[in-house]
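Asks: Here you go, coords_39.txt (compact mmCIF, C-alpha atoms and all ligand atoms):
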# COMPACT_ATOMS: atom_id res chain seq x y z
CA MET D 1 155.43 80.39 -31.75
CA THR D 2 153.31 81.76 -28.92
CA GLU D 3 151.93 79.57 -26.10
CA ASN D 4 148.40 79.80 -27.46
CA LEU D 5 149.31 78.80 -30.97
CA TRP D 6 151.53 75.91 -29.98
CA SER D 7 150.71 72.52 -31.39
CA PRO D 8 152.84 69.38 -31.57
CA GLN D 9 152.14 69.17 -35.31
CA GLU D 10 153.34 72.72 -35.92
CA LEU D 11 156.54 71.86 -34.10
CA ARG D 12 157.07 68.67 -36.12
CA GLU D 13 156.83 70.63 -39.36
CA GLN D 14 160.03 72.42 -38.42
CA PHE D 15 161.96 69.13 -38.74
CA PRO D 16 162.09 68.03 -42.42
CA ILE D 17 163.95 64.84 -41.49
CA LEU D 18 160.76 63.53 -39.85
CA GLN D 19 159.29 63.10 -43.34
CA ARG D 20 161.69 60.33 -44.27
CA GLU D 21 161.00 56.62 -44.12
CA VAL D 22 163.19 53.89 -42.68
CA ASN D 23 162.90 50.33 -44.02
CA GLY D 24 159.72 51.33 -45.83
CA GLN D 25 158.12 52.55 -42.57
CA PRO D 26 157.48 56.05 -41.23
CA LEU D 27 160.39 57.13 -39.03
CA HIS D 28 159.80 57.04 -35.26
CA TYR D 29 162.98 58.55 -33.85
CA LEU D 30 163.41 57.83 -30.14
CA ASP D 31 167.18 58.08 -29.81
CA ASN D 32 167.28 61.77 -29.00
CA ALA D 33 169.51 61.36 -25.94
CA ALA D 34 172.25 60.22 -28.34
CA THR D 35 171.74 62.94 -30.96
CA THR D 36 168.61 64.79 -31.91
CA PHE D 37 167.53 66.56 -35.09
CA SER D 38 167.83 70.24 -35.83
CA PRO D 39 164.94 72.50 -36.85
CA ILE D 40 164.96 74.51 -40.08
CA ARG D 41 165.88 77.66 -38.17
CA VAL D 42 169.22 76.19 -37.11
CA GLN D 43 169.96 75.03 -40.64
CA GLU D 44 169.07 78.49 -41.98
CA ALA D 45 171.39 80.21 -39.51
CA ILE D 46 174.29 78.04 -40.69
CA ALA D 47 173.36 78.55 -44.36
CA GLU D 48 173.30 82.31 -43.85
CA PHE D 49 176.84 82.22 -42.46
CA GLU D 50 178.04 79.98 -45.30
CA ASN D 51 176.34 81.96 -48.09
CA HIS D 52 176.63 85.54 -46.88
CA PHE D 53 179.51 86.20 -44.50
CA ARG D 54 181.70 83.10 -44.18
CA SER D 55 185.04 84.29 -42.88
CA ASN D 56 187.22 84.06 -39.79
CA VAL D 57 186.17 85.71 -36.54
CA GLN D 58 187.94 88.21 -34.29
CA ARG D 59 190.64 88.74 -36.90
CA GLY D 60 189.06 90.14 -40.05
CA MET D 61 189.43 93.86 -40.68
CA HIS D 62 186.74 93.66 -43.36
CA GLN D 63 182.95 93.66 -43.53
CA LEU D 64 182.50 89.88 -43.76
CA GLY D 65 184.84 89.28 -40.84
CA MET D 66 182.92 91.79 -38.73
CA GLU D 67 179.56 90.24 -39.63
CA ALA D 68 180.88 86.76 -38.82
CA THR D 69 182.26 88.02 -35.49
CA ASP D 70 178.92 89.66 -34.65
CA ALA D 71 177.02 86.43 -35.40
CA PHE D 72 179.53 84.36 -33.44
CA GLU D 73 179.32 86.65 -30.41
CA ALA D 74 175.51 86.75 -30.69
CA ALA D 75 175.58 82.95 -30.45
CA ARG D 76 177.63 83.21 -27.26
CA GLN D 77 175.00 85.66 -25.92
CA SER D 78 172.17 83.21 -26.73
CA ILE D 79 173.96 80.46 -24.85
CA ALA D 80 174.61 82.78 -21.90
CA ALA D 81 170.93 83.77 -21.85
CA TYR D 82 169.75 80.14 -21.92
CA LEU D 83 172.01 79.33 -18.95
CA ASN D 84 171.40 82.64 -17.19
CA ALA D 85 175.15 83.19 -17.06
CA SER D 86 176.14 86.49 -15.46
CA THR D 87 178.20 87.42 -18.54
CA ALA D 88 178.72 85.91 -22.00
CA GLN D 89 182.46 85.91 -21.24
CA GLU D 90 181.80 82.88 -19.05
CA ILE D 91 180.92 80.81 -22.14
CA VAL D 92 183.73 78.85 -23.78
CA PHE D 93 182.99 77.10 -27.09
CA THR D 94 184.19 73.51 -27.11
CA PRO D 95 183.78 70.56 -29.49
CA GLY D 96 181.33 69.01 -26.98
CA THR D 97 180.82 67.70 -23.46
CA THR D 98 183.62 65.13 -23.63
CA PHE D 99 186.12 67.79 -24.64
CA ALA D 100 184.90 70.12 -21.88
CA VAL D 101 185.37 67.50 -19.16
CA ASN D 102 188.86 66.67 -20.42
CA MET D 103 189.69 70.36 -20.59
CA VAL D 104 188.58 71.05 -17.03
CA ALA D 105 190.30 67.89 -15.76
CA TYR D 106 193.53 69.05 -17.42
CA CYS D 107 193.36 72.71 -16.37
CA PHE D 108 191.95 72.23 -12.88
CA GLY D 109 194.07 69.11 -12.40
CA GLN D 110 197.25 71.16 -12.46
CA SER D 111 196.37 72.63 -9.08
CA LEU D 112 195.85 69.21 -7.44
CA GLN D 113 198.29 67.55 -5.11
CA SER D 114 198.70 64.06 -3.79
CA GLY D 115 196.16 63.51 -1.00
CA ASP D 116 193.54 65.82 -2.55
CA GLU D 117 190.18 64.24 -3.21
CA ILE D 118 187.64 64.42 -5.99
CA VAL D 119 184.14 62.98 -5.86
CA VAL D 120 182.37 61.47 -8.87
CA SER D 121 179.10 59.56 -9.05
CA VAL D 122 178.90 55.98 -10.27
CA ALA D 123 176.08 57.05 -12.60
CA GLU D 124 178.31 59.15 -14.86
CA HIS D 125 178.65 58.80 -18.60
CA HIS D 126 182.22 57.64 -19.33
CA SER D 127 182.90 61.20 -20.53
CA ASN D 128 182.48 62.45 -16.98
CA PHE D 129 184.22 59.51 -15.36
CA VAL D 130 187.33 58.47 -17.28
CA PRO D 131 189.00 61.93 -17.33
CA TRP D 132 188.73 62.10 -13.52
CA GLN D 133 189.94 58.55 -13.16
CA ARG D 134 192.99 59.42 -15.27
CA LEU D 135 193.58 62.47 -13.10
CA ARG D 136 193.49 60.21 -10.04
CA ASP D 137 196.22 58.04 -11.57
CA GLN D 138 198.32 61.00 -12.74
CA TYR D 139 198.31 63.04 -9.56
CA GLY D 140 197.93 60.37 -6.87
CA ILE D 141 194.67 61.91 -5.68
CA ILE D 142 191.77 60.02 -4.16
CA MET D 143 188.57 59.53 -6.14
CA ARG D 144 185.48 58.89 -4.04
CA ILE D 145 182.32 57.53 -5.57
CA ILE D 146 178.71 58.57 -4.91
CA PRO D 147 176.75 55.28 -5.11
CA VAL D 148 173.28 54.68 -6.55
CA ARG D 149 170.17 53.10 -5.10
CA SER D 150 168.66 50.05 -6.79
CA ASP D 151 166.50 52.33 -9.00
CA GLY D 152 169.60 54.09 -10.34
CA SER D 153 169.05 57.35 -8.41
CA LEU D 154 172.09 58.85 -6.66
CA ASN D 155 172.31 57.83 -3.01
CA LEU D 156 173.30 61.05 -1.23
CA ASP D 157 172.76 59.67 2.28
CA ASN D 158 176.47 59.60 3.08
CA LEU D 159 177.48 62.79 1.36
CA GLU D 160 179.16 64.10 4.53
CA GLN D 161 181.56 61.17 4.55
CA LEU D 162 182.21 61.45 0.83
CA ILE D 163 182.73 65.20 0.55
CA THR D 164 185.29 66.15 3.19
CA HIS D 165 187.69 69.06 3.77
CA ARG D 166 190.14 67.32 1.40
CA CYS D 167 187.69 67.43 -1.48
CA ARG D 168 188.63 69.83 -4.30
CA LEU D 169 186.03 69.01 -6.93
CA VAL D 170 182.76 67.10 -7.31
CA ALA D 171 181.76 65.97 -10.83
CA VAL D 172 178.18 64.86 -11.38
CA THR D 173 175.65 64.60 -14.11
CA HIS D 174 172.62 66.89 -14.00
CA ILE D 175 170.49 64.14 -15.56
CA SER D 176 171.46 60.51 -16.11
CA ASN D 177 171.64 59.45 -19.76
CA VAL D 178 170.49 55.97 -18.66
CA THR D 179 167.68 56.55 -16.17
CA GLY D 180 166.62 60.10 -17.04
CA LEU D 181 166.63 60.90 -13.29
CA ILE D 182 167.44 64.45 -12.22
CA THR D 183 170.26 64.88 -9.68
CA ASP D 184 169.60 66.83 -6.49
CA LEU D 185 172.37 69.34 -7.21
CA GLN D 186 171.51 71.53 -4.25
CA MET D 187 172.58 68.92 -1.70
CA ILE D 188 175.82 68.40 -3.59
CA THR D 189 176.72 72.07 -4.06
CA THR D 190 175.97 72.81 -0.41
CA ALA D 191 178.24 70.01 0.79
CA ALA D 192 181.00 70.84 -1.70
CA HIS D 193 181.06 74.61 -1.15
CA GLN D 194 181.08 74.13 2.60
CA HIS D 195 184.54 72.59 2.13
CA GLY D 196 185.72 74.99 -0.58
CA ALA D 197 185.36 72.38 -3.34
CA VAL D 198 183.99 73.25 -6.78
CA VAL D 199 181.16 71.45 -8.60
CA PHE D 200 181.41 70.38 -12.24
CA VAL D 201 178.08 69.47 -13.82
CA ASP D 202 177.62 67.42 -16.98
CA GLY D 203 174.51 69.03 -18.45
CA ALA D 204 174.44 67.03 -21.71
CA GLN D 205 171.03 65.50 -20.95
CA ALA D 206 169.50 68.48 -19.15
CA ILE D 207 169.89 71.31 -21.68
CA PRO D 208 167.50 69.74 -24.25
CA HIS D 209 164.68 69.80 -21.68
CA GLY D 210 164.40 73.51 -20.98
CA PRO D 211 166.45 76.53 -19.86
CA VAL D 212 168.87 76.04 -16.98
CA ASP D 213 169.90 78.65 -14.43
CA VAL D 214 173.54 78.09 -13.53
CA GLN D 215 173.41 80.89 -10.97
CA SER D 216 170.53 79.50 -8.98
CA LEU D 217 171.92 75.97 -9.32
CA ASN D 218 175.01 77.45 -7.66
CA VAL D 219 177.39 75.23 -9.64
CA ASP D 220 180.87 76.18 -10.85
CA PHE D 221 181.27 74.45 -14.22
CA TYR D 222 178.47 73.38 -16.59
CA ALA D 223 179.12 71.54 -19.88
CA PHE D 224 176.93 70.31 -22.72
CA SER D 225 176.90 69.41 -26.43
CA ALA D 226 174.88 71.13 -29.17
CA HIS D 227 173.95 67.95 -31.07
CA LYS D 228 171.78 66.79 -28.14
CA CYS D 229 169.90 70.09 -27.99
CA TYR D 230 168.82 70.59 -31.61
CA GLY D 231 172.11 72.12 -32.72
CA PRO D 232 174.94 70.96 -34.98
CA THR D 233 177.51 68.26 -34.24
CA GLY D 234 181.10 69.14 -33.35
CA VAL D 235 180.34 71.99 -30.97
CA GLY D 236 179.36 72.49 -27.36
CA ALA D 237 179.78 74.96 -24.56
CA LEU D 238 181.44 75.07 -21.19
CA TRP D 239 180.21 77.63 -18.71
CA VAL D 240 182.64 78.52 -15.94
CA ARG D 241 181.96 80.92 -13.08
CA TYR D 242 183.93 84.04 -14.01
CA GLU D 243 186.20 84.22 -10.93
CA LEU D 244 187.18 80.60 -11.52
CA LEU D 245 187.66 81.00 -15.27
CA GLU D 246 190.05 83.89 -14.65
CA LYS D 247 192.28 81.64 -12.56
CA LEU D 248 192.31 78.55 -14.80
CA PRO D 249 195.50 77.96 -16.81
CA PRO D 250 194.99 77.53 -20.59
CA PHE D 251 194.37 74.15 -22.21
CA LEU D 252 195.37 74.51 -25.87
CA THR D 253 197.81 77.23 -26.86
CA GLY D 254 198.23 79.08 -30.16
CA GLY D 255 196.58 81.91 -32.07
CA GLY D 256 193.57 83.69 -30.64
CA MET D 257 194.31 83.06 -26.96
CA ILE D 258 197.25 85.39 -26.44
CA GLU D 259 197.83 88.95 -25.38
CA ARG D 260 201.50 89.18 -26.47
CA VAL D 261 204.02 86.70 -27.82
CA THR D 262 207.77 87.26 -27.92
CA ILE D 263 210.57 84.78 -28.54
CA GLY D 264 211.11 84.63 -24.82
CA GLU D 265 207.57 84.25 -23.52
CA THR D 266 203.82 84.45 -24.06
CA ARG D 267 201.29 86.44 -22.07
CA TYR D 268 197.88 84.82 -22.32
CA ALA D 269 194.58 86.59 -22.92
CA THR D 270 192.16 86.90 -20.04
CA ALA D 271 189.23 84.65 -19.03
CA GLY D 272 187.21 83.05 -21.88
CA GLU D 273 189.49 84.22 -24.69
CA ARG D 274 192.34 82.26 -23.13
CA PHE D 275 190.44 79.08 -24.00
CA GLN D 276 189.91 79.89 -27.66
CA ALA D 277 193.11 78.73 -29.33
CA GLY D 278 192.87 78.56 -33.11
CA THR D 279 189.89 79.23 -35.36
CA PRO D 280 186.76 78.22 -33.47
CA PRO D 281 183.95 76.16 -35.06
CA VAL D 282 182.22 79.33 -36.32
CA ALA D 283 179.38 77.82 -38.39
CA GLN D 284 178.61 75.28 -35.68
CA ALA D 285 178.68 77.90 -32.93
CA ILE D 286 176.24 80.07 -34.89
CA GLY D 287 173.99 77.02 -35.36
CA MET D 288 174.23 76.26 -31.66
CA GLY D 289 173.25 79.83 -30.77
CA ALA D 290 170.24 79.54 -33.08
CA ALA D 291 169.27 76.22 -31.46
CA LEU D 292 169.35 77.64 -27.94
CA GLN D 293 167.45 80.73 -28.98
CA TRP D 294 164.84 78.48 -30.60
CA LEU D 295 164.70 76.35 -27.43
CA GLN D 296 164.40 79.42 -25.24
CA GLU D 297 161.30 80.53 -27.14
CA LEU D 298 159.47 77.20 -26.84
CA PRO D 299 156.35 77.11 -24.63
CA TRP D 300 157.89 74.80 -22.04
CA ALA D 301 154.86 74.48 -19.78
CA HIS D 302 152.84 73.08 -22.71
CA ILE D 303 155.68 70.85 -23.85
CA HIS D 304 156.30 69.41 -20.40
CA ARG D 305 152.59 68.64 -20.00
CA TYR D 306 152.48 67.02 -23.42
CA GLN D 307 155.64 64.98 -22.77
CA GLU D 308 154.26 63.88 -19.39
CA ARG D 309 151.21 62.49 -21.15
CA LEU D 310 153.38 60.61 -23.63
CA SER D 311 155.66 59.38 -20.83
CA ASN D 312 152.75 58.11 -18.75
CA ARG D 313 151.45 56.20 -21.74
CA LEU D 314 154.88 54.73 -22.38
CA ILE D 315 155.41 53.77 -18.72
CA GLU D 316 151.99 52.07 -18.66
CA GLY D 317 152.71 50.21 -21.89
CA LEU D 318 156.13 49.07 -20.68
CA ALA D 319 154.65 47.89 -17.35
CA ALA D 320 152.35 45.55 -19.29
CA ILE D 321 155.27 43.72 -20.94
CA GLU D 322 156.17 40.53 -19.11
CA GLY D 323 159.73 40.39 -17.82
CA LEU D 324 160.40 44.07 -18.52
CA ARG D 325 162.25 46.10 -15.88
CA LEU D 326 162.26 49.87 -16.22
CA GLN D 327 165.24 51.70 -14.70
CA GLY D 328 164.51 54.75 -12.57
CA GLU D 329 161.19 55.65 -11.03
CA SER D 330 158.03 54.31 -12.66
CA SER D 331 156.71 57.84 -12.65
CA VAL D 332 157.25 61.06 -14.56
CA VAL D 333 158.25 62.97 -11.42
CA GLY D 334 161.94 63.88 -11.01
CA ARG D 335 162.91 62.74 -14.46
CA VAL D 336 163.06 63.70 -18.12
CA PRO D 337 161.63 61.45 -20.84
CA ILE D 338 164.56 59.02 -21.08
CA PHE D 339 163.50 55.43 -20.44
CA SER D 340 165.88 52.47 -20.16
CA PHE D 341 164.65 48.95 -19.69
CA ASP D 342 165.77 45.37 -19.93
CA ILE D 343 163.60 42.40 -20.77
CA ALA D 344 164.31 38.94 -19.41
CA ASN D 345 166.01 36.67 -21.97
CA CYS D 346 166.13 39.34 -24.68
CA HIS D 347 169.31 41.14 -25.64
CA SER D 348 168.88 44.85 -26.24
CA HIS D 349 170.71 44.65 -29.59
CA ASP D 350 168.14 42.13 -30.88
CA ILE D 351 165.33 44.38 -29.67
CA CYS D 352 166.90 47.41 -31.40
CA HIS D 353 167.30 45.46 -34.62
CA ILE D 354 163.66 44.36 -34.68
CA LEU D 355 162.48 47.88 -33.85
CA ASP D 356 164.67 49.35 -36.59
CA GLU D 357 163.02 47.08 -39.16
CA LEU D 358 159.77 48.76 -38.10
CA GLY D 359 161.16 52.29 -38.44
CA VAL D 360 161.62 52.78 -34.67
CA ALA D 361 165.06 54.09 -33.69
CA VAL D 362 166.15 53.46 -30.09
CA ARG D 363 169.50 52.80 -28.42
CA GLY D 364 170.74 49.53 -26.94
CA GLY D 365 173.85 48.70 -24.95
CA HIS D 366 175.67 50.07 -21.92
CA HIS D 367 175.15 53.72 -22.94
CA CYS D 368 178.78 54.57 -22.08
CA ALA D 369 177.92 54.09 -18.41
CA GLN D 370 179.54 50.77 -17.51
CA PRO D 371 180.16 51.62 -13.82
CA LEU D 372 176.41 52.29 -13.50
CA MET D 373 175.55 49.08 -15.36
CA ASP D 374 177.84 47.16 -12.99
CA ALA D 375 176.24 48.82 -9.96
CA LEU D 376 172.76 47.85 -11.17
CA GLY D 377 173.81 44.34 -12.19
CA LEU D 378 172.99 45.01 -15.84
CA VAL D 379 174.87 44.27 -19.05
CA ALA D 380 172.77 46.36 -21.37
CA THR D 381 169.44 48.12 -21.64
CA THR D 382 167.22 49.39 -24.42
CA ARG D 383 166.72 53.16 -24.22
CA ALA D 384 163.94 55.27 -25.67
CA SER D 385 164.48 59.02 -25.33
CA LEU D 386 161.96 61.65 -26.37
CA ALA D 387 162.45 65.02 -28.00
CA VAL D 388 159.99 67.88 -28.25
CA PHE D 389 158.79 66.60 -31.65
CA ASN D 390 157.81 63.09 -30.57
CA ASN D 391 154.11 62.27 -30.61
CA GLU D 392 151.52 59.61 -29.72
CA GLU D 393 152.27 57.66 -32.92
CA ASP D 394 155.92 57.30 -31.86
CA ILE D 395 154.84 55.78 -28.52
CA SER D 396 152.34 53.46 -30.24
CA ALA D 397 154.97 52.34 -32.77
CA LEU D 398 157.49 51.62 -29.99
CA LEU D 399 155.02 49.62 -27.91
CA ALA D 400 153.76 47.68 -30.95
CA GLY D 401 157.36 47.01 -31.97
CA LEU D 402 158.22 45.71 -28.51
CA GLY D 403 155.20 43.40 -28.71
CA LYS D 404 156.54 42.06 -32.02
CA ALA D 405 160.04 41.68 -30.52
CA MET D 406 158.60 39.66 -27.64
CA GLU D 407 156.83 37.34 -30.08
CA LEU D 408 160.09 36.73 -31.96
CA LEU D 409 162.53 36.56 -29.06
CA GLN D 410 160.73 34.91 -26.16
C1 LIG D 501 175.33 62.53 -19.80
C2 LIG D 501 176.29 62.59 -20.97
N1 LIG D 501 177.48 63.15 -20.79
C3 LIG D 501 178.36 63.25 -21.78
C4 LIG D 501 178.08 62.77 -23.03
C5 LIG D 501 179.10 62.91 -24.11
O1 LIG D 501 178.69 63.85 -25.05
P1 LIG D 501 179.53 64.12 -26.37
O2 LIG D 501 179.70 62.78 -27.03
O3 LIG D 501 178.68 65.05 -27.16
O4 LIG D 501 180.83 64.71 -25.97
C6 LIG D 501 176.85 62.17 -23.26
C7 LIG D 501 176.53 61.60 -24.58
O5 LIG D 501 175.74 60.71 -24.71
C8 LIG D 501 175.92 62.09 -22.20
O6 LIG D 501 174.72 61.53 -22.37
Once more with this new file: its structure as structure tokens, please.

Replies:
Amino acid sequence: MTENLWSPQELREQFPILQREVNGQPLHYLDNAATTFSPIRVQEAIAEFENHFRSNVQRGMHQLGMEATDAFEAARQSIAAYLNASTAQEIVFTPGTTFAVNMVAYCFGQSLQSGDEIVVSVAEHHSNFVPWQRLRDQYGIIMRIIPVRSDGSLNLDNLEQLITHRCRLVAVTHISNVTGLITDLQMITTAAHQHGAVVFVDGAQAIPHGPVDVQSLNVDFYAFSAHKCYGPTGVGALWVRYELLEKLPPFLTGGGMIERVTIGETRYATAGERFQAGTPPVAQAIGMGAALQWLQELPWAHIHRYQERLSNRLIEGLAAIEGLRLQGESSVVGRVPIFSFDIANCHSHDICHILDELGVAVRGGHHCAQPLMDALGLVATTRASLAVFNNEEDISALLAGLGKAMELLQ
């Protein structure tokens, strides 16, 4: 699809699932931050593996095994290209973001000593919070917390006090799954690197919104899940700066990650290979590669302009609802199209239920970010999150549905 030929309708046609109805209504899917749909191209890439060269990778001495290995490694290349990694060897396939955080916490954690400090923001998804908290309890380290302002944005005013010479690692989200606000990573990496600390970034909500450049972001670890960026479930990627990856001890051990095994000892493989114990999720990885290649080819300038228009309409519509409080800035600047709101005297689960009856899928609850909810004095919010295939009708259906919910609940 070239820039000139791009149209939202053409893009929608690549997602057969958008044709289905829910509760007798056309589907308006606005829960993309949880999991989004995959385009035909991703499904075809997986089908090709399954129907033409399904076999194990990096082991087979036969044609199918070599074709599977080529497709698997091409997927790694696509991911590396999307992230602008300096080499595809920096890409480790994982089952998803949660796994990646746990893996880094385990591997990096082994070098921590009592008195060391890690810094985490209060706005993290539980996936990027609980593993560090457990590390704190296991190793007797100190966990410092970057607070948020009342709009949910990270408050970096006291970064110098938070990130000190004792800090070993800072873990932050690139984009909040609740507010959609983009983190100022530059301030954080500058402060962390000044003290020799490394920066782990949870990119789960950033990757779906356009290519990321891990080199210019100057981060050290970057993790995300394929199912949030138009790829399959059960797979994700962890990018680790090569010099760091080389030094990390393995997480899982077994076949595929060794150089030599004897009864007495095992010598592990180098860098990325050391983190690939057992048969990897080959079909899913190939699907993920196809998703990122598809994403890389999208005309992002057009899409961002189009999504800004939809977002402005949504923000305006939400502002007109009495008692509604939108989290994050009431503007499209510095955010992606993820919108969380609460409405006085209405529980988000009731709102979600009413919207679902009307074919509108959104998310309600604490969004696996209870420390953030506590900091903002919230119990739950309703969240609408847009993908590249959402259109004006989706926004209209959401706003009309909220009007109906207000009639029934208030
Ligand atoms: C910011 C963020 N981090 C991590 C995760 C966890 O991702 P997964 O469940 O794919 O491991 C999510 C999922 O919602 C998320 O939004």

Asks: For D:Thr36, which of D:Leu372, D:Val240, D:Val362, D:Ala400 is the closest residue, counting only C-alpha atoms?

Replies: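 Going through D:Leu372, D:Val240, D:Val362, D:Ala400 one by one, the smallest distance to D:Thr36 is for D:Val362.
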
Asks: Kindly provide, as a PyMOL selection string, all nucleotide and amino acid residues lying within 8 Å of ligand LIG 501 (chain D), counting only C-alpha atoms and all ligand atoms.

Replies: chain D and resi 33-35+95-100+124-128+173-178+202-205+224-228+233-234+236+367-368

Asks: Could the residues in this selection be saved with C-alpha atoms as a PDB file, in the coordinates of the input?

Replies:
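part.pdb was written with the following content:
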ATOM      1  CA  ALA D  33     169.510  61.360 -25.940  1.00  0.00           C
ATOM      2  CA  ALA D  34     172.250  60.220 -28.340  1.00  0.00           C
ATOM      3  CA  THR D  35     171.740  62.940 -30.960  1.00  0.00           C
ATOM      4  CA  PRO D  95     183.780  70.560 -29.490  1.00  0.00           C
ATOM      5  CA  GLY D  96     181.330  69.010 -26.980  1.00  0.00           C
ATOM      6  CA  THR D  97     180.820  67.700 -23.460  1.00  0.00           C
ATOM      7  CA  THR D  98     183.620  65.130 -23.630  1.00  0.00           C
ATOM      8  CA  PHE D  99     186.120  67.790 -24.640  1.00  0.00           C
ATOM      9  CA  ALA D 100     184.900  70.120 -21.880  1.00  0.00           C
ATOM     10  CA  GLU D 124     178.310  59.150 -14.860  1.00  0.00           C
ATOM     11  CA  HIS D 125     178.650  58.800 -18.600  1.00  0.00           C
ATOM     12  CA  HIS D 126     182.220  57.640 -19.330  1.00  0.00           C
ATOM     13  CA  SER D 127     182.900  61.200 -20.530  1.00  0.00           C
ATOM     14  CA  ASN D 128     182.480  62.450 -16.980  1.00  0.00           C
ATOM     15  CA  THR D 173     175.650  64.600 -14.110  1.00  0.00           C
ATOM     16  CA  HIS D 174     172.620  66.890 -14.000  1.00  0.00           C
ATOM     17  CA  ILE D 175     170.490  64.140 -15.560  1.00  0.00           C
ATOM     18  CA  SER D 176     171.460  60.510 -16.110  1.00  0.00           C
ATOM     19  CA  ASN D 177     171.640  59.450 -19.760  1.00  0.00           C
ATOM     20  CA  VAL D 178     170.490  55.970 -18.660  1.00  0.00           C
ATOM     21  CA  ASP D 202     177.620  67.420 -16.980  1.00  0.00           C
ATOM     22  CA  GLY D 203     174.510  69.030 -18.450  1.00  0.00           C
ATOM     23  CA  ALA D 204     174.440  67.030 -21.710  1.00  0.00           C
ATOM     24  CA  GLN D 205     171.030  65.500 -20.950  1.00  0.00           C
ATOM     25  CA  PHE D 224     176.930  70.310 -22.720  1.00  0.00           C
ATOM     26  CA  SER D 225     176.900  69.410 -26.430  1.00  0.00           C
ATOM     27  CA  ALA D 226     174.880  71.130 -29.170  1.00  0.00           C
ATOM     28  CA  HIS D 227     173.950  67.950 -31.070  1.00  0.00           C
ATOM     29  CA  LYS D 228     171.780  66.790 -28.140  1.00  0.00           C
ATOM     30  CA  THR D 233     177.510  68.260 -34.240  1.00  0.00           C
ATOM     31  CA  GLY D 234     181.100  69.140 -33.350  1.00  0.00           C
ATOM     32  CA  GLY D 236     179.360  72.490 -27.360  1.00  0.00           C
ATOM     33  CA  HIS D 367     175.150  53.720 -22.940  1.00  0.00           C
ATOM     34  CA  CYS D 368     178.780  54.570 -22.080  1.00  0.00           C
TER      35      CYS D 368
END

Asks: Which neighbours of D:Ser78 fall inside 7 Å, counting only C-alpha atoms, when residues of the same chain fewer than 2 positions from it are skipped, and could you give them as a list in words?

Replies: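 Listed by chain and then number, they are Ala74, Ala75, Arg76, Ala80, Ala81, Tyr82, Gly289, Leu292 and Gln293 of chain D.
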
Asks: Of the candidates D:Thr190, D:Gln43, D:Thr253, D:Asn32, which shows the shortest atom-to-atom distance to D:Val336, using all atoms listed in the file?

Replies: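 Of the candidates, the smallest distance to D:Val336 is held by D:Asn32.
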
Asks: Considering only C-alpha atoms, can you say which of D:Pro232, D:Pro249, D:Pro147, D:Pro280 comes closest to D:Ser111?

Replies: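 Smallest separation from D:Ser111 among the options: D:Pro249.
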
Asks: Which is closer to D:Ala71 than all the others in D:Gln296, D:Thr266, D:Ser55, D:Ser331, using all atoms listed in the file?

Replies: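 The closest residue to D:Ala71 is D:Ser55.
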
Asks: To one decimal place in Å, what is the distance between atom CA of D:Ala45 and atom CA of D:Gly287?

Replies: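 Distance reported for this atom pair: 5.8 Å.
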
Asks: Quick one: residues within 9 Å of D:Gly334, only C-alpha atoms counted, chain neighbours fewer than 6 positions away excluded, as a count of residues only?

Replies: 4

Asks: Let me make sure I understand: among D:Asn390, D:Pro299, D:Arg149, D:Leu355, which one has the smallest atom-to-atom distance to D:Gln25 if we use only C-alpha atoms?

Replies: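 Nearest to D:Gln25: D:Leu355.
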
Asks: Just the number, please: distance in Å from atom CA of D:Glu308 to atom CA of D:His209, one decimal.

Replies: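 So the two atoms, atom CA of D:Glu308 and atom CA of D:His209, lie 12.2 Å apart.
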
Asks: What gap, in Å, lies between atom CA of D:Ala405 and atom CA of D:Ile354?

Replies: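 Result for atom CA of D:Ala405 versus atom CA of D:Ile354: 6.1 Å, one decimal.
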
Asks: Which one is closest to D:His366: D:Phe341, D:Phe37, D:Phe221, D:Phe72? Count all atoms listed in the file.

Replies: D:Phe341

Asks: Would you mind listing what lies within 12 Å of stretch 397-399 of chain D as a PyMOL selection string, with only C-alpha atoms counted and same-chain residues fewer than 2 positions away left out?

Replies: chain D and resi 25-31+310+313-321+339+351-352+354-362+382-386+390-395+401-406

Asks: Can you put N, CA and C atoms back into stretch 98-104 of chain D and show it as a tab-separated table (two decimals), in the frame of the given file?

Replies:
chain	number	residue	atom	x	y	z
D	98	THR	N	182.43	65.94	-23.92
D	98	THR	CA	183.62	65.13	-23.63
D	98	THR	C	184.87	66.01	-23.60
D	99	PHE	N	184.97	66.89	-24.58
D	99	PHE	CA	186.12	67.79	-24.64
D	99	PHE	C	186.14	68.68	-23.40
D	100	ALA	N	184.97	69.19	-23.02
D	100	ALA	CA	184.90	70.12	-21.88
D	100	ALA	C	185.37	69.44	-20.59
D	101	VAL	N	184.95	68.19	-20.39
D	101	VAL	CA	185.37	67.50	-19.16
D	101	VAL	C	186.89	67.31	-19.17
D	102	ASN	N	187.40	66.87	-20.32
D	102	ASN	CA	188.86	66.67	-20.42
D	102	ASN	C	189.62	67.97	-20.21
D	103	MET	N	189.04	69.05	-20.73
D	103	MET	CA	189.69	70.36	-20.59
D	103	MET	C	189.74	70.78	-19.12
D	104	VAL	N	188.61	70.64	-18.44
D	104	VAL	CA	188.58	71.05	-17.03
D	104	VAL	C	189.48	70.13	-16.21
